[in-house]
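Source file: query_17.pdb; contents: PDB, C-alpha atoms.
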ATOM      1  CA  MET Q 365      -9.003  12.388  38.291
ATOM      2  CA  ALA Q 366      -7.221  10.243  40.870
ATOM      3  CA  ASP Q 367      -8.666  12.427  43.662
ATOM      4  CA  VAL Q 368     -12.219  12.646  42.282
ATOM      5  CA  ALA Q 369     -12.714   9.068  41.062
ATOM      6  CA  PRO Q 370      -9.694   6.995  42.143
ATOM      7  CA  THR Q 371     -11.164   3.676  40.996
ATOM      8  CA  SER Q 372     -12.388   4.903  37.600
ATOM      9  CA  TYR Q 373     -10.864   3.455  34.474
ATOM     10  CA  GLN Q 374      -9.644   6.949  33.588
ATOM     11  CA  ALA Q 375      -7.661   7.129  36.848
ATOM     12  CA  HIS Q 376      -6.139   3.701  36.169
ATOM     13  CA  GLU Q 377      -5.324   4.751  32.605
ATOM     14  CA  LEU Q 378      -3.568   7.920  33.774
ATOM     15  CA  GLU Q 379      -1.595   5.886  36.298
ATOM     16  CA  ALA Q 380      -0.694   3.281  33.664
ATOM     17  CA  GLU Q 381       0.492   5.971  31.245
ATOM     18  CA  SER Q 382       2.598   7.526  33.991
ATOM     19  CA  LEU Q 383       4.133   4.141  34.773
ATOM     20  CA  GLU Q 384       4.845   3.583  31.070
ATOM     21  CA  SER Q 385       6.692   6.899  30.885
ATOM     22  CA  GLN Q 386       8.853   5.614  33.761
ATOM     23  CA  GLN Q 387       9.378   2.326  31.867
ATOM     24  CA  ASN Q 388       7.761   0.435  34.737
ATOM     25  CA  TRP Q 389       6.183  -2.052  32.348
ATOM     26  CA  ASP Q 390       4.867  -4.613  34.842
ATOM     27  CA  ALA Q 391       3.116  -2.008  36.986
ATOM     28  CA  ALA Q 392       1.678  -0.321  33.882
ATOM     29  CA  GLY Q 393       0.368  -3.680  32.690
ATOM     30  CA  ASN Q 394      -1.259  -4.271  36.066
ATOM     31  CA  GLU Q 395      -3.062  -0.914  35.836
ATOM     32  CA  TYR Q 396      -4.330  -1.718  32.338
ATOM     33  CA  ARG Q 397      -5.565  -5.112  33.568
ATOM     34  CA  LYS Q 398      -7.493  -3.347  36.365
ATOM     35  CA  ILE Q 399      -9.254  -1.339  33.660
ATOM     36  CA  LEU Q 400     -10.199  -4.553  31.846
ATOM     37  CA  GLU Q 401     -11.616  -5.976  35.081
ATOM     38  CA  GLN Q 402     -14.042  -3.026  35.180
ATOM     39  CA  ASN Q 403     -14.555  -2.627  31.419
ATOM     40  CA  PRO Q 404     -13.538  -5.777  29.527
ATOM     41  CA  ASN Q 405     -14.565  -4.350  26.149
ATOM     42  CA  LEU Q 406     -13.028  -0.895  26.445
ATOM     43  CA  PRO Q 407     -11.270  -0.106  23.146
ATOM     44  CA  GLY Q 408      -7.561   0.613  23.254
ATOM     45  CA  ILE Q 409      -6.630  -1.185  26.459
ATOM     46  CA  HIS Q 410      -5.574  -4.512  24.952
ATOM     47  CA  TYR Q 411      -3.573  -2.487  22.414
ATOM     48  CA  ARG Q 412      -1.770  -0.702  25.262
ATOM     49  CA  LEU Q 413      -1.077  -4.054  26.941
ATOM     50  CA  GLY Q 414       0.417  -5.293  23.669
ATOM     51  CA  ARG Q 415       2.684  -2.253  23.443
ATOM     52  CA  VAL Q 416       3.733  -2.764  27.079
ATOM     53  CA  ALA Q 417       4.633  -6.400  26.307
ATOM     54  CA  LEU Q 418       6.761  -5.314  23.331
ATOM     55  CA  SER Q 419       8.473  -2.667  25.458
ATOM     56  CA  LYS Q 420       9.797  -5.297  27.839
ATOM     57  CA  THR Q 421      13.007  -7.214  27.167
ATOM     58  CA  GLU Q 422      12.604  -9.032  23.860
ATOM     59  CA  SER Q 423      11.611 -12.656  24.369
ATOM     60  CA  ALA Q 424       9.347 -15.206  22.740
ATOM     61  CA  ALA Q 425       6.996 -15.019  25.741
ATOM     62  CA  ASN Q 426       6.689 -11.218  25.582
ATOM     63  CA  THR Q 427       6.173 -11.313  21.818
ATOM     64  CA  GLU Q 428       3.459 -13.950  22.193
ATOM     65  CA  GLU Q 429       1.805 -11.928  24.959
ATOM     66  CA  ALA Q 430       1.822  -8.871  22.689
ATOM     67  CA  ARG Q 431       0.355 -10.848  19.781
ATOM     68  CA  LYS Q 432      -2.492 -12.123  21.971
ATOM     69  CA  GLU Q 433      -3.242  -8.614  23.251
ATOM     70  CA  PHE Q 434      -3.319  -7.129  19.736
ATOM     71  CA  GLU Q 435      -5.635  -9.933  18.600
ATOM     72  CA  ALA Q 436      -7.877  -9.295  21.626
ATOM     73  CA  GLU Q 437      -7.941  -5.592  20.718
ATOM     74  CA  LEU Q 438      -9.097  -6.409  17.194
ATOM     75  CA  LYS Q 439     -11.978  -8.480  18.588
ATOM     76  CA  ILE Q 440     -13.146  -5.324  20.373
ATOM     77  CA  ASP Q 441     -12.201  -2.821  17.668
ATOM     78  CA  ALA Q 442     -11.613  -4.397  14.258
ATOM     79  CA  SER Q 443     -10.740  -0.970  12.837
ATOM     80  CA  ASN Q 444      -7.675  -0.472  15.065
ATOM     81  CA  ALA Q 445      -4.981   0.066  12.431
ATOM     82  CA  ALA Q 446      -2.210   0.302  15.034
ATOM     83  CA  ALA Q 447      -2.985  -3.130  16.525
ATOM     84  CA  THR Q 448      -3.122  -4.583  13.020
ATOM     85  CA  PHE Q 449       0.200  -2.918  12.179
ATOM     86  CA  TRP Q 450       1.900  -4.419  15.232
ATOM     87  CA  LEU Q 451       0.655  -7.897  14.340
ATOM     88  CA  GLY Q 452       2.346  -7.295  10.996
ATOM     89  CA  GLU Q 453       5.516  -6.148  12.712
ATOM     90  CA  ILE Q 454       5.593  -9.279  14.869
ATOM     91  CA  ALA Q 455       5.206 -11.411  11.731
ATOM     92  CA  ARG Q 456       7.860  -9.368   9.880
ATOM     93  CA  ARG Q 457      10.369  -9.865  12.689
ATOM     94  CA  ALA Q 458       9.745 -13.613  12.423
ATOM     95  CA  GLY Q 459      10.237 -13.553   8.639
ATOM     96  CA  GLU Q 460       6.601 -14.529   8.058
ATOM     97  CA  TRP Q 461       6.236 -12.351   4.969
ATOM     98  CA  ASP Q 462       2.740 -13.351   3.823
ATOM     99  CA  GLU Q 463       1.267 -12.738   7.264
ATOM    100  CA  ALA Q 464       3.179  -9.469   7.627
ATOM    101  CA  ILE Q 465       2.011  -8.314   4.192
ATOM    102  CA  SER Q 466      -1.590  -9.138   5.047
ATOM    103  CA  HIS Q 467      -1.511  -7.186   8.318
ATOM    104  CA  PHE Q 468       0.376  -4.187   6.918
ATOM    105  CA  GLY Q 469      -1.978  -4.048   3.930
ATOM    106  CA  THR Q 470      -4.989  -4.095   6.233
ATOM    107  CA  ALA Q 471      -3.490  -1.379   8.450
ATOM    108  CA  ALA Q 472      -2.886   0.816   5.391
ATOM    109  CA  ARG Q 473      -6.483   0.280   4.214
ATOM    110  CA  LEU Q 474      -7.869   1.050   7.675
ATOM    111  CA  ASP Q 475      -5.869   4.290   7.945
ATOM    112  CA  SER Q 476      -4.803   5.778   4.623
ATOM    113  CA  GLY Q 477      -2.623   8.304   6.472
ATOM    114  CA  PHE Q 478      -0.632   5.647   8.350
ATOM    115  CA  ALA Q 479       2.689   6.209   6.580
ATOM    116  CA  GLU Q 480       4.610   3.530   8.491
ATOM    117  CA  ALA Q 481       2.107   0.902   7.323
ATOM    118  CA  PHE Q 482       2.904   1.714   3.689
ATOM    119  CA  LEU Q 483       6.663   1.534   4.306
ATOM    120  CA  ALA Q 484       6.381  -1.737   6.225
ATOM    121  CA  LEU Q 485       4.129  -3.193   3.516
ATOM    122  CA  GLY Q 486       6.586  -2.235   0.782
ATOM    123  CA  MET Q 487       9.582  -3.524   2.739
ATOM    124  CA  SER Q 488       7.834  -6.832   3.419
ATOM    125  CA  LEU Q 489       6.864  -7.188  -0.237
ATOM    126  CA  ASN Q 490      10.500  -6.530  -1.205
ATOM    127  CA  SER Q 491      11.653  -9.136   1.318
ATOM    128  CA  ALA Q 492       9.185 -11.616  -0.170
ATOM    129  CA  GLU Q 493      10.604 -10.786  -3.623
ATOM    130  CA  ARG Q 494       7.219  -9.406  -4.725
ATOM    131  CA  PHE Q 495       8.869  -6.305  -6.122
ATOM    132  CA  SER Q 496       6.164  -5.218  -8.567
ATOM    133  CA  GLU Q 497       3.618  -5.213  -5.731
ATOM    134  CA  ALA Q 498       6.001  -3.210  -3.520
ATOM    135  CA  VAL Q 499       6.134  -0.230  -5.881
ATOM    136  CA  ALA Q 500       2.685   1.279  -5.135
ATOM    137  CA  PRO Q 501       2.896   1.329  -1.308
ATOM    138  CA  LEU Q 502       6.470   2.610  -1.434
ATOM    139  CA  GLU Q 503       5.553   5.355  -3.900
ATOM    140  CA  ARG Q 504       2.736   6.302  -1.549
ATOM    141  CA  TYR Q 505       5.126   6.354   1.402
ATOM    142  CA  VAL Q 506       7.730   8.600  -0.238
ATOM    143  CA  LYS Q 507       4.955  11.031  -1.177
ATOM    144  CA  MET Q 508       3.874  11.096   2.469
ATOM    145  CA  LEU Q 509       7.370  11.288   4.016
ATOM    146  CA  SER Q 510       9.752  12.398   1.302
ATOM    147  CA  ALA Q 511      12.499  13.202   3.832
ATOM    148  CA  ASP Q 512      12.873   9.578   4.955
ATOM    149  CA  PRO Q 513      15.791   7.909   3.163
ATOM    150  CA  ALA Q 514      14.482   4.413   3.981
ATOM    151  CA  GLY Q 515      11.470   4.877   1.715
ATOM    152  CA  HIS Q 516      13.600   6.004  -1.218
ATOM    153  CA  TYR Q 517      16.034   3.144  -0.663
ATOM    154  CA  GLN Q 518      13.274   0.530  -0.605
ATOM    155  CA  LEU Q 519      11.577   2.078  -3.642
ATOM    156  CA  SER Q 520      14.917   2.021  -5.480
ATOM    157  CA  ILE Q 521      15.161  -1.715  -4.823
ATOM    158  CA  ALA Q 522      11.623  -2.331  -6.080
ATOM    159  CA  TYR Q 523      12.248  -0.270  -9.208
ATOM    160  CA  ALA Q 524      15.574  -2.002  -9.922
ATOM    161  CA  ARG Q 525      14.060  -5.456  -9.557
ATOM    162  CA  THR Q 526      11.197  -4.601 -11.920
ATOM    163  CA  GLY Q 527      13.458  -3.293 -14.669
ATOM    164  CA  ARG Q 528      12.888   0.407 -13.993
ATOM    165  CA  LYS Q 529      16.596   1.252 -13.868
ATOM    166  CA  GLU Q 530      16.273   5.030 -14.390
ATOM    167  CA  ASP Q 531      13.675   5.278 -11.636
ATOM    168  CA  ALA Q 532      15.895   3.153  -9.383
ATOM    169  CA  VAL Q 533      18.887   5.435  -9.956
ATOM    170  CA  ARG Q 534      16.745   8.519  -9.305
ATOM    171  CA  GLU Q 535      15.438   7.108  -6.007
ATOM    172  CA  MET Q 536      18.926   6.072  -4.895
ATOM    173  CA  THR Q 537      20.166   9.596  -5.664
ATOM    174  CA  ILE Q 538      17.314  11.066  -3.616
ATOM    175  CA  GLN Q 539      18.086   8.602  -0.827
ATOM    176  CA  ARG Q 540      21.712   9.773  -0.706
ATOM    177  CA  GLN Q 541      20.725  13.451  -0.763
ATOM    178  CA  VAL Q 542      18.189  12.984   2.017
ATOM    179  CA  SER Q 543      20.696  10.972   4.062
ATOM    180  CA  GLU Q 544      23.285  13.740   3.721
ATOM    181  CA  LYS Q 545      20.765  16.304   4.975
ATOM    182  CA  ASN Q 546      19.792  14.005   7.838
ATOM    183  CA  PRO Q 547      22.961  12.060   8.765
ATOM    184  CA  GLY Q 548      21.477  10.636  11.964
ATOM    185  CA  GLY Q 549      18.839   8.831   9.946
ATOM    186  CA  VAL Q 550      16.096  10.188  12.171
ATOM    187  CA  ARG Q 551      12.771  10.122  10.415
ATOM    188  CA  PRO Q 552      10.872  13.380  10.201
TER     189      PRO Q 552
END

Now that the file is in, can you turn its structure into structure tokens?
Amino acid sequence: MADVAPTSYQAHELEAESLESQQNWDAAGNEYRKILEQNPNLPGIHYRLGRVALSKTESAANTEEARKEFEAELKIDASNAAATFWLGEIARRAGEWDEAISHFGTAARLDSGFAEAFLALGMSLNSAERFSEAVAPLERYVKMLSADPAGHYQLSIAYARTGRKEDAVREMTIQRQVSEKNPGGVRP
């Protein structure tokens, strides 16, 4: 592509992806911005810029840059579940539970197969002490990724806090068993 159409957005995108794989975040961001100069409404590019910003050293400025890019992406493609998810993650990291819950819930509705959105929604609901609301997304998550101990742990908390002691004990037992099978904690 770089030889045939070196100034095409596809060539810039390939170059940006290559730079990302080398963790050359600033250069990758510059390539993505070149794409936006040619095609300001091309879906996915603001999302990539947001991910690049979050890949840099953590700082308030980089987080704010990422937030703005994800919001810009949603103006172009309101159905981008990943951009919505990352807005939720930014809010979660800041302890802004209601905003995180809203974004994670939207991401889960936009993409019913987005397992991480269900886990993040349930975890945020638990953190906000909205345990009864956390049960459904966490149950959904453990059905999707039963080998992840984090889902069972979070579901155990939600069950325990809603008076479902037997269910809580069962989930904690599953969590321990899964953790023993996967001691590194790497999600499947």

Open item on the list: Residue by residue, what does the PyMOL selection byres ((chain Q and resi 471) around 8) grab here? Present the result as JSON, numbers by chain.
Closed with: {"Q": [444, 445, 446, 448, 449, 467, 468, 469, 470, 472, 473, 474, 475, 478, 481]}

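Atom CA of Ile399 of chain Q sits 6.4 Å away from atom CA of His376 of chain Q.
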
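From atom CA of Ser488 of chain Q back to atom CA of Ser423 of chain Q, the distance works out to 22.1 Å.
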
Give me the residues within 7 Å of segment 517-520 of chain Q as a short mmCIF file (atom, residue, chain, number, x, y, z; two decimals) with C-alpha atoms, in the frame of the given file, counting only C-alpha atoms and dropping any in the same chain fewer than 6 places off.
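File written: out-v5.cif
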data_model
loop_
_atom_site.label_atom_id
_atom_site.label_comp_id
_atom_site.auth_asym_id
_atom_site.auth_seq_id
_atom_site.Cartn_x
_atom_site.Cartn_y
_atom_site.Cartn_z
CA MET Q 487 9.58 -3.52 2.74
CA VAL Q 499 6.13 -0.23 -5.88
CA LEU Q 502 6.47 2.61 -1.43
CA GLU Q 503 5.55 5.36 -3.90
CA ALA Q 532 15.90 3.15 -9.38
CA VAL Q 533 18.89 5.44 -9.96
CA GLU Q 535 15.44 7.11 -6.01
CA MET Q 536 18.93 6.07 -4.89
CA GLN Q 539 18.09 8.60 -0.83
#

Open item on the list: as a VMD selection string, please: the residues near Gln387 of chain Q (cut-off 10 Å, all atoms listed in the file, same-chain neighbours under 6 positions excluded).
Closed with: chain Q and resid 381 416 419 to 420

Task: Nearest residue to His410 of chain Q from the set Q:Ile465, Q:Ala514, Q:Ala430, Q:Ala375 (distances using all atoms listed in the file) - done: Q:Ala430

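Evaluating the PyMOL selection byres ((chain Q and resi 428) around 12) against the shown model yields Leu413, Gly414, Arg415, Ala417, Leu418, Glu422, Ser423, Ala424, Ala425, Asn426, Thr427, Glu429, Ala430, Arg431, Lys432, Glu433, Phe434, Glu435, Trp450, Leu451, Ile454, Ala455 and Ala458 of chain Q.
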
TODO: Report as a PyMOL selection string the residues that result from applying the PyMOL selection byres ((chain Q and resi 483) around 7) to the structure here.
DONE: chain Q and resi 479-482+484-487+501-502+505+515

Task: 12 Å contact set for Thr526 of chain Q, only C-alpha atoms, chain neighbours under 3 positions out, as a count of residues only - done: 17

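Of note, atom CA of Arg504 of chain Q and atom CA of Glu544 of chain Q are spaced 22.5 Å apart.
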
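Of the listed residues Q:Ala511, Q:Leu400, Q:Ala447, Q:Leu489, the one whose atoms come nearest to Ile538 of chain Q is Q:Ala511, with distances taken using all atoms listed in the file.
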
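If you measure from each of Q:Ile440, Q:Val542, Q:Met508, Q:Ala492 to Asn403 of chain Q using only C-alpha atoms, the closest one turns out to be Q:Ile440.
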
Coordinates of box centre and edge lengths for segment 414-421 of chain Q, 4 Å on every side, axis-aligned, as lines of an AutoDock Vina configuration file:
center_x = 6.7
center_y = -4.7
center_z = 25.6
size_x = 20.6
size_y = 13.0
size_z = 12.5

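Distance cut-off 8 Å, centre (-2.2, 4.8, 26.1), atoms counted all atoms listed in the file; the residues meeting this are Q:Glu377, Q:Ala380, Q:Glu381, Q:Gly408, Q:Ile409, Q:Arg412.
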